[in-house]
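> Coordinates in run_15.cif, mmCIF, C-alpha atoms and all ligand atoms, are listed below.
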```
data_final
#
loop_
_atom_site.group_PDB
_atom_site.id
_atom_site.type_symbol
_atom_site.label_atom_id
_atom_site.label_comp_id
_atom_site.auth_asym_id
_atom_site.auth_seq_id
_atom_site.Cartn_x
_atom_site.Cartn_y
_atom_site.Cartn_z
ATOM 1 C CA MET A 1 6.347 -19.840 -1.569
ATOM 2 C CA GLN A 2 9.220 -18.841 -3.877
ATOM 3 C CA LYS A 3 9.875 -15.098 -3.932
ATOM 4 C CA LEU A 4 9.571 -13.239 -7.248
ATOM 5 C CA ILE A 5 12.460 -10.837 -7.894
ATOM 6 C CA VAL A 6 12.048 -8.638 -10.969
ATOM 7 C CA GLY A 7 14.487 -6.105 -12.383
ATOM 8 C CA ASN A 8 13.057 -2.982 -14.026
ATOM 9 C CA TRP A 9 15.744 -1.544 -16.276
ATOM 10 C CA LYS A 10 13.583 1.495 -17.147
ATOM 11 C CA MET A 11 15.057 3.441 -20.116
ATOM 12 C CA ASN A 12 18.504 1.933 -19.674
ATOM 13 C CA GLY A 13 20.384 -0.613 -21.726
ATOM 14 C CA LEU A 14 21.851 -0.985 -25.207
ATOM 15 C CA GLY A 15 22.752 -4.313 -26.767
ATOM 16 C CA ALA A 16 25.945 -4.564 -24.735
ATOM 17 C CA ALA A 17 23.873 -4.706 -21.542
ATOM 18 C CA LEU A 18 22.682 -8.186 -22.497
ATOM 19 C CA ASP A 19 25.960 -9.344 -20.946
ATOM 20 C CA GLU A 20 24.619 -8.280 -17.541
ATOM 21 C CA ALA A 21 21.431 -10.269 -18.065
ATOM 22 C CA GLN A 22 23.431 -13.322 -19.065
ATOM 23 C CA ALA A 23 25.642 -12.888 -16.006
ATOM 24 C CA VAL A 24 22.500 -12.901 -13.843
ATOM 25 C CA ALA A 25 21.345 -16.147 -15.449
ATOM 26 C CA ALA A 26 24.788 -17.697 -15.060
ATOM 27 C CA GLY A 27 25.046 -16.639 -11.419
ATOM 28 C CA LEU A 28 21.648 -17.902 -10.303
ATOM 29 C CA GLY A 29 22.626 -21.415 -9.389
ATOM 30 C CA ALA A 30 19.861 -23.147 -7.512
ATOM 31 C CA ALA A 31 18.323 -19.818 -6.535
ATOM 32 C CA ALA A 32 15.326 -19.990 -4.278
ATOM 33 C CA ALA A 33 13.615 -17.140 -6.141
ATOM 34 C CA ARG A 34 11.805 -16.773 -9.459
ATOM 35 C CA VAL A 35 13.678 -14.087 -11.375
ATOM 36 C CA GLY A 36 12.676 -11.750 -14.174
ATOM 37 C CA ILE A 37 14.230 -8.827 -16.031
ATOM 38 C CA CYS A 38 12.190 -6.141 -17.793
ATOM 39 C CA PRO A 39 14.480 -4.353 -20.264
ATOM 40 C CA PRO A 40 13.397 -1.535 -22.591
ATOM 41 C CA ALA A 41 11.128 -2.755 -25.403
ATOM 42 C CA THR A 42 14.006 -2.614 -27.889
ATOM 43 C CA LEU A 43 15.804 -5.382 -25.999
ATOM 44 C CA VAL A 44 12.905 -7.711 -25.193
ATOM 45 C CA GLU A 45 13.380 -9.956 -28.200
ATOM 46 C CA ARG A 46 17.176 -10.082 -28.028
ATOM 47 C CA MET A 47 17.130 -10.703 -24.282
ATOM 48 C CA SER A 48 14.530 -13.441 -24.674
ATOM 49 C CA ARG A 49 16.807 -15.199 -27.144
ATOM 50 C CA ALA A 50 19.898 -14.639 -25.010
ATOM 51 C CA LEU A 51 18.179 -16.052 -21.911
ATOM 52 C CA ALA A 52 16.318 -18.908 -23.593
ATOM 53 C CA GLY A 53 16.725 -22.068 -21.543
ATOM 54 C CA THR A 54 17.746 -20.174 -18.385
ATOM 55 C CA LEU A 55 15.676 -19.550 -15.260
ATOM 56 C CA VAL A 56 15.372 -15.810 -15.970
ATOM 57 C CA ALA A 57 12.058 -14.651 -17.451
ATOM 58 C CA VAL A 58 11.875 -11.535 -19.618
ATOM 59 C CA GLY A 59 9.189 -8.861 -19.403
ATOM 60 C CA GLY A 60 8.028 -5.527 -20.718
ATOM 61 C CA GLN A 61 7.698 -2.307 -18.729
ATOM 62 C CA ASP A 62 4.318 -1.186 -20.091
ATOM 63 C CA CYS A 63 1.892 -2.031 -22.873
ATOM 64 C CA ARG A 64 -0.971 -0.466 -24.750
ATOM 65 C CA ALA A 65 -4.461 -1.814 -23.923
ATOM 66 C CA GLU A 66 -5.305 -2.332 -27.615
ATOM 67 C CA ALA A 67 -3.814 -5.283 -29.519
ATOM 68 C CA SER A 68 -2.887 -3.248 -32.621
ATOM 69 C CA GLY A 69 -3.820 -0.080 -34.459
ATOM 70 C CA ALA A 70 -2.911 3.527 -35.181
ATOM 71 C CA TYR A 71 -1.058 4.233 -31.922
ATOM 72 C CA THR A 72 2.284 5.646 -33.013
ATOM 73 C CA GLY A 73 5.108 4.734 -30.689
ATOM 74 C CA ASP A 74 3.181 2.259 -28.550
ATOM 75 C CA VAL A 75 3.707 -1.462 -28.007
ATOM 76 C CA SER A 76 0.918 -3.960 -27.359
ATOM 77 C CA ALA A 77 0.875 -6.892 -24.957
ATOM 78 C CA GLU A 78 0.659 -9.212 -27.961
ATOM 79 C CA MET A 79 3.848 -7.672 -29.389
ATOM 80 C CA LEU A 80 5.689 -8.180 -26.100
ATOM 81 C CA ALA A 81 4.547 -11.812 -25.949
ATOM 82 C CA ASP A 82 5.537 -12.290 -29.587
ATOM 83 C CA ALA A 83 9.003 -10.944 -28.746
ATOM 84 C CA GLY A 84 9.384 -13.530 -25.993
ATOM 85 C CA ALA A 85 8.145 -11.698 -22.895
ATOM 86 C CA CYS A 86 6.329 -13.589 -20.129
ATOM 87 C CA LEU A 87 5.842 -10.670 -17.721
ATOM 88 C CA VAL A 88 4.815 -7.032 -17.964
ATOM 89 C CA ILE A 89 5.043 -4.208 -15.427
ATOM 90 C CA LEU A 90 1.914 -2.035 -15.491
ATOM 91 C CA GLY A 91 0.945 1.195 -13.752
ATOM 92 C CA HIS A 92 4.464 2.065 -12.632
ATOM 93 C CA SER A 93 4.428 5.447 -10.870
ATOM 94 C CA GLU A 94 6.633 6.879 -13.621
ATOM 95 C CA ARG A 95 3.794 6.002 -16.044
ATOM 96 C CA ARG A 96 1.025 7.147 -13.706
ATOM 97 C CA ALA A 97 2.742 10.499 -12.992
ATOM 98 C CA GLY A 98 4.453 11.119 -16.319
ATOM 99 C CA PHE A 99 1.780 9.855 -18.703
ATOM 100 C CA GLY A 100 -1.398 10.478 -16.735
ATOM 101 C CA GLU A 101 -2.227 6.784 -16.377
ATOM 102 C CA THR A 102 -5.368 6.291 -14.294
ATOM 103 C CA ASP A 103 -6.432 3.207 -12.366
ATOM 104 C CA ALA A 104 -8.988 2.473 -15.108
ATOM 105 C CA LEU A 105 -6.310 2.589 -17.815
ATOM 106 C CA VAL A 106 -4.027 0.346 -15.763
ATOM 107 C CA ALA A 107 -6.927 -2.111 -15.364
ATOM 108 C CA ALA A 108 -7.475 -2.095 -19.148
ATOM 109 C CA LYS A 109 -3.775 -2.714 -19.739
ATOM 110 C CA THR A 110 -3.881 -5.542 -17.209
ATOM 111 C CA GLU A 111 -6.730 -7.161 -19.146
ATOM 112 C CA ALA A 112 -4.646 -6.769 -22.318
ATOM 113 C CA ALA A 113 -1.714 -8.502 -20.644
ATOM 114 C CA LEU A 114 -3.937 -11.434 -19.661
ATOM 115 C CA ARG A 115 -5.362 -11.599 -23.186
ATOM 116 C CA ALA A 116 -1.804 -11.954 -24.515
ATOM 117 C CA GLY A 117 -0.827 -14.561 -21.929
ATOM 118 C CA LEU A 118 1.523 -12.279 -19.987
ATOM 119 C CA GLU A 119 1.805 -12.264 -16.194
ATOM 120 C CA PRO A 120 1.047 -8.683 -15.120
ATOM 121 C CA ILE A 121 2.876 -6.963 -12.269
ATOM 122 C CA VAL A 122 0.574 -4.112 -11.267
ATOM 123 C CA CYS A 123 2.254 -1.246 -9.404
ATOM 124 C CA VAL A 124 0.694 0.897 -6.694
ATOM 125 C CA GLY A 125 2.152 3.384 -4.235
ATOM 126 C CA GLU A 126 1.621 6.687 -2.487
ATOM 127 C CA THR A 127 3.512 9.975 -2.834
ATOM 128 C CA LEU A 128 5.313 11.552 0.098
ATOM 129 C CA ALA A 129 2.602 14.218 0.403
ATOM 130 C CA GLU A 130 -0.059 11.506 0.567
ATOM 131 C CA ARG A 131 1.850 9.637 3.278
ATOM 132 C CA GLU A 132 2.478 12.800 5.295
ATOM 133 C CA ALA A 133 -1.221 13.637 5.094
ATOM 134 C CA GLY A 134 -2.006 10.219 6.602
ATOM 135 C CA GLY A 135 -3.665 8.931 3.442
ATOM 136 C CA ALA A 136 -1.224 6.264 2.277
ATOM 137 C CA LEU A 137 -3.326 3.206 3.136
ATOM 138 C CA ALA A 138 -6.495 4.626 1.579
ATOM 139 C CA ILE A 139 -4.665 5.770 -1.570
ATOM 140 C CA VAL A 140 -2.923 2.467 -2.140
ATOM 141 C CA THR A 141 -5.903 0.227 -1.396
ATOM 142 C CA GLY A 142 -7.948 2.447 -3.716
ATOM 143 C CA GLN A 143 -5.347 1.926 -6.454
ATOM 144 C CA VAL A 144 -5.545 -1.837 -5.893
ATOM 145 C CA ARG A 145 -9.345 -1.741 -6.163
ATOM 146 C CA GLY A 146 -9.290 0.365 -9.314
ATOM 147 C CA SER A 147 -6.338 -1.163 -11.164
ATOM 148 C CA LEU A 148 -7.025 -4.887 -10.794
ATOM 149 C CA PRO A 149 -9.755 -6.249 -13.082
ATOM 150 C CA ALA A 150 -11.908 -9.224 -12.038
ATOM 151 C CA ALA A 151 -10.355 -11.161 -14.958
ATOM 152 C CA LEU A 152 -7.253 -11.699 -12.797
ATOM 153 C CA ALA A 153 -9.019 -14.384 -10.770
ATOM 154 C CA GLY A 154 -7.429 -17.706 -11.634
ATOM 155 C CA ARG A 155 -4.520 -16.141 -13.538
ATOM 156 C CA PRO A 156 -0.941 -15.611 -12.364
ATOM 157 C CA PHE A 157 -0.230 -11.984 -11.436
ATOM 158 C CA ALA A 158 1.613 -9.904 -8.873
ATOM 159 C CA VAL A 159 1.112 -6.535 -7.216
ATOM 160 C CA ALA A 160 4.108 -4.294 -6.542
ATOM 161 C CA TYR A 161 3.933 -1.787 -3.690
ATOM 162 C CA GLU A 162 6.311 1.015 -4.572
ATOM 163 C CA PRO A 163 6.096 4.181 -2.466
ATOM 164 C CA VAL A 164 6.839 6.959 -4.973
ATOM 165 C CA TRP A 165 9.147 8.667 -2.481
ATOM 166 C CA ALA A 166 11.294 5.531 -2.176
ATOM 167 C CA ILE A 167 11.910 5.061 -5.915
ATOM 168 C CA GLY A 168 15.452 5.967 -6.891
ATOM 169 C CA THR A 169 15.944 8.024 -3.726
ATOM 170 C CA GLY A 170 17.781 5.610 -1.436
ATOM 171 C CA LEU A 171 14.933 6.081 1.074
ATOM 172 C CA THR A 172 12.898 3.081 2.186
ATOM 173 C CA PRO A 173 9.905 2.768 4.502
ATOM 174 C CA THR A 174 10.472 1.059 7.848
ATOM 175 C CA LEU A 175 9.816 -2.671 7.909
ATOM 176 C CA GLU A 176 6.733 -1.907 10.025
ATOM 177 C CA GLN A 177 5.434 0.467 7.347
ATOM 178 C CA ILE A 178 6.036 -2.153 4.656
ATOM 179 C CA ALA A 179 4.291 -4.861 6.707
ATOM 180 C CA GLU A 180 1.330 -2.560 7.439
ATOM 181 C CA MET A 181 0.890 -1.659 3.763
ATOM 182 C CA HIS A 182 1.320 -5.201 2.491
ATOM 183 C CA ALA A 183 -1.281 -6.445 4.989
ATOM 184 C CA ALA A 184 -3.702 -3.760 3.782
ATOM 185 C CA ILE A 185 -3.050 -4.695 0.137
ATOM 186 C CA ARG A 186 -3.586 -8.381 0.946
ATOM 187 C CA ALA A 187 -6.905 -7.620 2.626
ATOM 188 C CA GLU A 188 -8.008 -5.568 -0.392
ATOM 189 C CA LEU A 189 -6.915 -8.311 -2.813
ATOM 190 C CA VAL A 190 -8.887 -10.934 -0.913
ATOM 191 C CA ALA A 191 -11.933 -8.652 -0.720
ATOM 192 C CA THR A 192 -11.893 -7.980 -4.472
ATOM 193 C CA LEU A 193 -10.572 -11.256 -5.938
ATOM 194 C CA GLY A 194 -11.227 -13.877 -3.268
ATOM 195 C CA GLU A 195 -8.947 -16.925 -3.325
ATOM 196 C CA ALA A 196 -6.868 -15.559 -6.245
ATOM 197 C CA GLY A 197 -6.189 -12.465 -4.185
ATOM 198 C CA ALA A 198 -4.966 -14.564 -1.293
ATOM 199 C CA ARG A 199 -2.246 -16.203 -3.380
ATOM 200 C CA ALA A 200 -0.795 -13.429 -5.556
ATOM 201 C CA PRO A 201 2.654 -12.267 -4.474
ATOM 202 C CA ILE A 202 2.918 -8.669 -3.266
ATOM 203 C CA LEU A 203 6.341 -7.326 -4.222
ATOM 204 C CA TYR A 204 8.023 -4.398 -2.521
ATOM 205 C CA GLY A 205 9.850 -1.859 -4.691
ATOM 206 C CA GLY A 206 11.795 1.337 -4.040
ATOM 207 C CA SER A 207 15.550 1.497 -3.328
ATOM 208 C CA VAL A 208 15.955 -2.244 -2.816
ATOM 209 C CA LYS A 209 19.671 -3.099 -2.752
ATOM 210 C CA PRO A 210 21.814 -6.026 -1.583
ATOM 211 C CA ALA A 211 22.208 -4.457 1.877
ATOM 212 C CA ASN A 212 18.473 -4.225 2.641
ATOM 213 C CA ALA A 213 17.021 -7.024 0.495
ATOM 214 C CA ALA A 214 17.109 -9.862 3.025
ATOM 215 C CA GLU A 215 15.278 -7.968 5.765
ATOM 216 C CA ILE A 216 12.681 -6.562 3.383
ATOM 217 C CA LEU A 217 12.122 -9.968 1.767
ATOM 218 C CA SER A 218 11.596 -11.626 5.141
ATOM 219 C CA THR A 219 8.946 -9.092 6.179
ATOM 220 C CA ALA A 220 5.398 -10.437 6.484
ATOM 221 C CA GLU A 221 3.465 -10.536 3.182
ATOM 222 C CA VAL A 222 6.480 -9.467 1.087
ATOM 223 C CA GLY A 223 6.420 -11.943 -1.789
ATOM 224 C CA GLY A 224 9.356 -10.518 -3.679
ATOM 225 C CA ALA A 225 10.911 -7.300 -4.962
ATOM 226 C CA LEU A 226 10.729 -4.983 -7.945
ATOM 227 C CA VAL A 227 14.203 -3.551 -8.382
ATOM 228 C CA GLY A 228 15.194 -0.541 -10.474
ATOM 229 C CA GLY A 229 18.724 0.873 -10.254
ATOM 230 C CA ALA A 230 20.236 -2.124 -8.490
ATOM 231 C CA SER A 231 19.037 -4.491 -11.232
ATOM 232 C CA LEU A 232 21.306 -2.924 -13.851
ATOM 233 C CA LYS A 233 24.453 -4.592 -12.523
ATOM 234 C CA ALA A 234 24.454 -8.377 -12.326
ATOM 235 C CA SER A 235 26.470 -8.417 -9.096
ATOM 236 C CA ASP A 236 24.001 -6.145 -7.279
ATOM 237 C CA PHE A 237 20.954 -7.943 -8.641
ATOM 238 C CA LEU A 238 22.405 -11.334 -7.682
ATOM 239 C CA GLY A 239 23.115 -9.929 -4.218
ATOM 240 C CA ILE A 240 19.430 -9.054 -3.889
ATOM 241 C CA ILE A 241 18.329 -12.455 -5.188
ATOM 242 C CA ALA A 242 20.599 -14.077 -2.613
ATOM 243 C CA GLY A 243 18.538 -12.364 0.093
ATOM 244 C CA ALA A 244 15.379 -14.199 -0.965
HETATM 245 P P1 LIG B 1 14.646 1.771 -7.627
HETATM 246 O O1 LIG B 1 13.355 1.701 -8.587
HETATM 247 O O2 LIG B 1 14.954 0.360 -7.194
HETATM 248 O O3 LIG B 1 15.726 2.361 -8.488
HETATM 249 O O4 LIG B 1 14.272 2.645 -6.460
HETATM 250 C C1 LIG B 1 12.325 0.770 -8.358
HETATM 251 C C2 LIG B 1 11.278 0.892 -9.430
HETATM 252 O O5 LIG B 1 10.991 2.012 -9.884
HETATM 253 O O6 LIG B 1 10.689 -0.125 -9.854
#
```
Output the file's structure in the form of structure tokens.
Ligand code: PGA

Amino acid sequence: MQKLIVGNWKMNGLGAALDEAQAVAAGLGAAAARVGICPPATLVERMSRALAGTLVAVGGQDCRAEASGAYTGDVSAEMLADAGACLVILGHSERRAGFGETDALVAAKTEAALRAGLEPIVCVGETLAEREAGGALAIVTGQVRGSLPAALAGRPFAVAYEPVWAIGTGLTPTLEQIAEMHAAIRAELVATLGEAGARAPILYGGSVKPANAAEILSTAEVGGALVGGASLKASDFLGIIAGA
């Protein structure tokens, strides 16, 4: 199956950065991968227009579970879809750690994404302390169980395994550790969602760069990558896509 490679720009990018997104679209050629970019909410609409007719999908980085209301500063899944988004990242560790997002909240946001017709990318991952204590598999499979609502069955979605200690650090797990975790996530997905869980791509995220992309992407059960820092420059992101 085609790999899914998604760039997470986090809180980076002014209007001028749309040039990078357009350079990604122009450089794709007959790429073997499905590609998405999730810019900050302020750029979703402009990027959607700039990339209309290209193979690059646009997504949000988070959404509120409610469709509208008195939630100052928040953005709903419907608003992202209205601005042209097709994807949305949910439950990123920077949201879980920095904004106290629980599995139950991530599940509610995932339902909101489905309601709005967005393809959710639900993030899970252990901290270094959890891995060192030997609890990584239990933590991550628990996050999968708690963050993925039954409504996902029959809908397109992805899970992203992002060890917190690998995000933005330059550290990556060994390929054996990635394969072990992705196999555990797959088993949990099948147990909770049946056939739908057998098909959903499981992305790896955390310090993916052109130099390590090909080997990570060819590891068993790695269905793609969620890329932070290295998605900000078109040349790096295209180098990662080339590894798919
Ligand atoms: P990184 O971030 O590629 O910069 O490590 C990945 C992510 O947080 O999605």
> Have a look at A:Glu180, A:Gln2, A:Leu14, A:Phe157 and name the one nearest to Ala32 (chain A); count only C-alpha atoms.
A:Gln2
> So what does the PyMOL selection byres (((chain A and resi 214) around 9) and not hetatm) actually pick up in this one, as a PDB file with C-alpha atoms, in the coordinates of the input?

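Contents of part.pdb, freshly written:
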```pdb
ATOM      1  CA  PRO A 210      21.814  -6.026  -1.583  1.00  0.00           C
ATOM      2  CA  ALA A 211      22.208  -4.457   1.877  1.00  0.00           C
ATOM      3  CA  ASN A 212      18.473  -4.225   2.641  1.00  0.00           C
ATOM      4  CA  ALA A 213      17.021  -7.024   0.495  1.00  0.00           C
ATOM      5  CA  GLU A 215      15.278  -7.968   5.765  1.00  0.00           C
ATOM      6  CA  ILE A 216      12.681  -6.562   3.383  1.00  0.00           C
ATOM      7  CA  LEU A 217      12.122  -9.968   1.767  1.00  0.00           C
ATOM      8  CA  SER A 218      11.596 -11.626   5.141  1.00  0.00           C
ATOM      9  CA  THR A 219       8.946  -9.092   6.179  1.00  0.00           C
ATOM     10  CA  ILE A 240      19.430  -9.054  -3.889  1.00  0.00           C
ATOM     11  CA  ILE A 241      18.329 -12.455  -5.188  1.00  0.00           C
ATOM     12  CA  ALA A 242      20.599 -14.077  -2.613  1.00  0.00           C
ATOM     13  CA  GLY A 243      18.538 -12.364   0.093  1.00  0.00           C
ATOM     14  CA  ALA A 244      15.379 -14.199  -0.965  1.00  0.00           C
TER      15      ALA A 244
END
```
> Check which residues satisfy the PyMOL selection byres (((not hetatm)) within 8 of (chain B and resi 1)) in the file shown, then give them as JSON, numbers by chain.
{"A": [7, 8, 10, 92, 93, 94, 162, 166, 167, 168, 169, 170, 205, 206, 207, 208, 209, 226, 227, 228, 229, 230, 231]}
> Run the PyMOL selection byres (((chain A and resi 54) around 10) and not hetatm) on the file and write out the hits as a PyMOL selection string.
chain A and resi 22+24-26+28+48+50-53+55-57
> Those same residues - C-alpha atoms - I'd like them written as a tab-separated table (two decimals), in the coordinates of the input.

```
chain	number	residue	atom	x	y	z
A	22	GLN	CA	23.43	-13.32	-19.07
A	24	VAL	CA	22.50	-12.90	-13.84
A	25	ALA	CA	21.34	-16.15	-15.45
A	26	ALA	CA	24.79	-17.70	-15.06
A	28	LEU	CA	21.65	-17.90	-10.30
A	48	SER	CA	14.53	-13.44	-24.67
A	50	ALA	CA	19.90	-14.64	-25.01
A	51	LEU	CA	18.18	-16.05	-21.91
A	52	ALA	CA	16.32	-18.91	-23.59
A	53	GLY	CA	16.73	-22.07	-21.54
A	55	LEU	CA	15.68	-19.55	-15.26
A	56	VAL	CA	15.37	-15.81	-15.97
A	57	ALA	CA	12.06	-14.65	-17.45
```
> Quick one: distance from CA of Ser235 (chain A) to CA of Ala17 (chain A) in Å, one decimal?
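Distance reported for this atom pair: 13.2 Å.
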> Do a neighbour search on Ala67 (chain A) at 10 Å with all atoms listed in the file, toss out local chain neighbours closer than 5 positions, and write the hits as an MDAnalysis selection string.
chainID A and resid 75:79 112:113 115:116
> Go through A:Arg34, A:Arg199, A:Lys109, A:Arg46 one by one, measure the shortest atom-to-atom distance of each to Leu90 (chain A) using all atoms listed in the file, and give the residue with the smallest value.
A:Lys109
> So, with only C-alpha atoms as the atoms that count, which of A:Val122, A:Ala16, A:Ile89, A:Ala187 lies closest to Leu148 (chain A)?
A:Val122
> When distances are computed from all atoms listed in the file, which of A:Leu193, A:Leu4, A:Leu128, A:Ile202 shows the smallest separation from Thr172 (chain A)?
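Using all atoms listed in the file, Thr172 (chain A) sits closest to A:Leu128.
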> Considering only C-alpha atoms, state which residue in the set A:Ala234, A:Val35, A:Ala81, A:Ala133 is at the smallest distance from Asp19 (chain A).
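Of A:Ala234, A:Val35, A:Ala81, A:Ala133, the one nearest Asp19 (chain A) is A:Ala234, counting only C-alpha atoms.
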> When you look at Gly15 (chain A) with a cut-off of 12 Å (counting all atoms listed in the file), what residues show up, excluding the ones that are within fewer than 4 positions of it in the same chain? I need them as a PyMOL selection string.
chain A and resi 19-22+39-47+50
> Could you state the separation of CA of Glu188 (chain A) and CA of Thr102 (chain A) in Å, given to one decimal place?
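Separating CA of Glu188 (chain A) from CA of Thr102 (chain A) is a distance of 18.5 Å.
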> I'd like the contact shell of Gly146 (chain A) - 8 Å cut-off, all atoms listed in the file, skipping same-chain residues fewer than 3 positions apart - returned as an NGL selection string.
:A and (103-104 or 107 or 142-143 or 149)
> Would you export the selected residues with C-alpha atoms as a short mmCIF file (atom, residue, chain, number, x, y, z; two decimals), keeping the file's coordinate frame, please?

```
data_model
loop_
_atom_site.label_atom_id
_atom_site.label_comp_id
_atom_site.auth_asym_id
_atom_site.auth_seq_id
_atom_site.Cartn_x
_atom_site.Cartn_y
_atom_site.Cartn_z
CA ASP A 103 -6.43 3.21 -12.37
CA ALA A 104 -8.99 2.47 -15.11
CA ALA A 107 -6.93 -2.11 -15.36
CA GLY A 142 -7.95 2.45 -3.72
CA GLN A 143 -5.35 1.93 -6.45
CA PRO A 149 -9.76 -6.25 -13.08
#
```
> Tell me, in Å to one decimal, how far CA of Pro201 (chain A) is from CA of Ala160 (chain A).
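Calculated distance between CA of Pro201 (chain A) and CA of Ala160 (chain A) is 8.4 Å.
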> Would you please work out which residue, of A:Val124, A:Asp236, A:Ala183, A:Gly223, is nearest to Ile5 (chain A) when using all atoms listed in the file?
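Answer, going by the shortest atom-to-atom distance: A:Gly223.
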> If we count all atoms listed in the file, what is near Ala198 (chain A) at a cut-off of 7 Å, once residues fewer than 4 positions away on the same chain are taken out, given as number ranges by chain?
A: 186, 189-190, 194
> Would you fill out region 183-189 of chain A with all heavy atoms and return it as a PDB file, keeping the file's coordinate frame?

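Output (selection_2.pdb):
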```
ATOM      1  N   ALA A 183      -0.101  -5.813   4.378  1.00  0.00           N
ATOM      2  CA  ALA A 183      -1.281  -6.445   4.989  1.00  0.00           C
ATOM      3  C   ALA A 183      -2.558  -5.790   4.459  1.00  0.00           C
ATOM      4  O   ALA A 183      -3.557  -6.475   4.166  1.00  0.00           O
ATOM      5  CB  ALA A 183      -1.206  -6.323   6.509  1.00  0.00           C
ATOM      6  N   ALA A 184      -2.516  -4.471   4.294  1.00  0.00           N
ATOM      7  CA  ALA A 184      -3.702  -3.760   3.782  1.00  0.00           C
ATOM      8  C   ALA A 184      -3.971  -4.152   2.325  1.00  0.00           C
ATOM      9  O   ALA A 184      -5.122  -4.334   1.912  1.00  0.00           O
ATOM     10  CB  ALA A 184      -3.503  -2.250   3.911  1.00  0.00           C
ATOM     11  N   ILE A 185      -2.890  -4.285   1.541  1.00  0.00           N
ATOM     12  CA  ILE A 185      -3.050  -4.695   0.137  1.00  0.00           C
ATOM     13  C   ILE A 185      -3.605  -6.117   0.073  1.00  0.00           C
ATOM     14  O   ILE A 185      -4.510  -6.406  -0.721  1.00  0.00           O
ATOM     15  CB  ILE A 185      -1.699  -4.590  -0.623  1.00  0.00           C
ATOM     16  CG1 ILE A 185      -1.278  -3.119  -0.751  1.00  0.00           C
ATOM     17  CG2 ILE A 185      -1.797  -5.246  -2.003  1.00  0.00           C
ATOM     18  CD1 ILE A 185       0.134  -2.917  -1.281  1.00  0.00           C
ATOM     19  N   ARG A 186      -3.089  -6.999   0.939  1.00  0.00           N
ATOM     20  CA  ARG A 186      -3.586  -8.381   0.946  1.00  0.00           C
ATOM     21  C   ARG A 186      -5.085  -8.408   1.253  1.00  0.00           C
ATOM     22  O   ARG A 186      -5.863  -9.098   0.587  1.00  0.00           O
ATOM     23  CB  ARG A 186      -2.815  -9.217   1.981  1.00  0.00           C
ATOM     24  CG  ARG A 186      -3.348 -10.639   2.142  1.00  0.00           C
ATOM     25  CD  ARG A 186      -3.134 -11.484   0.878  1.00  0.00           C
ATOM     26  NE  ARG A 186      -1.724 -11.738   0.645  1.00  0.00           N
ATOM     27  CZ  ARG A 186      -1.213 -11.964  -0.578  1.00  0.00           C
ATOM     28  NH1 ARG A 186      -1.988 -11.979  -1.647  1.00  0.00           N
ATOM     29  NH2 ARG A 186       0.088 -12.172  -0.726  1.00  0.00           N
ATOM     30  N   ALA A 187      -5.486  -7.629   2.250  1.00  0.00           N
ATOM     31  CA  ALA A 187      -6.905  -7.620   2.626  1.00  0.00           C
ATOM     32  C   ALA A 187      -7.759  -7.127   1.460  1.00  0.00           C
ATOM     33  O   ALA A 187      -8.832  -7.678   1.163  1.00  0.00           O
ATOM     34  CB  ALA A 187      -7.102  -6.737   3.855  1.00  0.00           C
ATOM     35  N   GLU A 188      -7.263  -6.103   0.762  1.00  0.00           N
ATOM     36  CA  GLU A 188      -8.008  -5.568  -0.392  1.00  0.00           C
ATOM     37  C   GLU A 188      -8.071  -6.601  -1.524  1.00  0.00           C
ATOM     38  O   GLU A 188      -9.111  -6.770  -2.172  1.00  0.00           O
ATOM     39  CB  GLU A 188      -7.327  -4.279  -0.874  1.00  0.00           C
ATOM     40  CG  GLU A 188      -8.111  -3.518  -1.903  1.00  0.00           C
ATOM     41  CD  GLU A 188      -9.463  -3.054  -1.368  1.00  0.00           C
ATOM     42  OE1 GLU A 188      -9.524  -2.527  -0.252  1.00  0.00           O
ATOM     43  OE2 GLU A 188     -10.458  -3.249  -2.094  1.00  0.00           O
ATOM     44  N   LEU A 189      -6.950  -7.291  -1.759  1.00  0.00           N
ATOM     45  CA  LEU A 189      -6.915  -8.311  -2.813  1.00  0.00           C
ATOM     46  C   LEU A 189      -7.911  -9.429  -2.525  1.00  0.00           C
ATOM     47  O   LEU A 189      -8.613  -9.898  -3.427  1.00  0.00           O
ATOM     48  CB  LEU A 189      -5.510  -8.911  -2.923  1.00  0.00           C
ATOM     49  CG  LEU A 189      -4.438  -8.075  -3.620  1.00  0.00           C
ATOM     50  CD1 LEU A 189      -3.076  -8.756  -3.506  1.00  0.00           C
ATOM     51  CD2 LEU A 189      -4.814  -7.878  -5.085  1.00  0.00           C
TER      52      LEU A 189
END
```
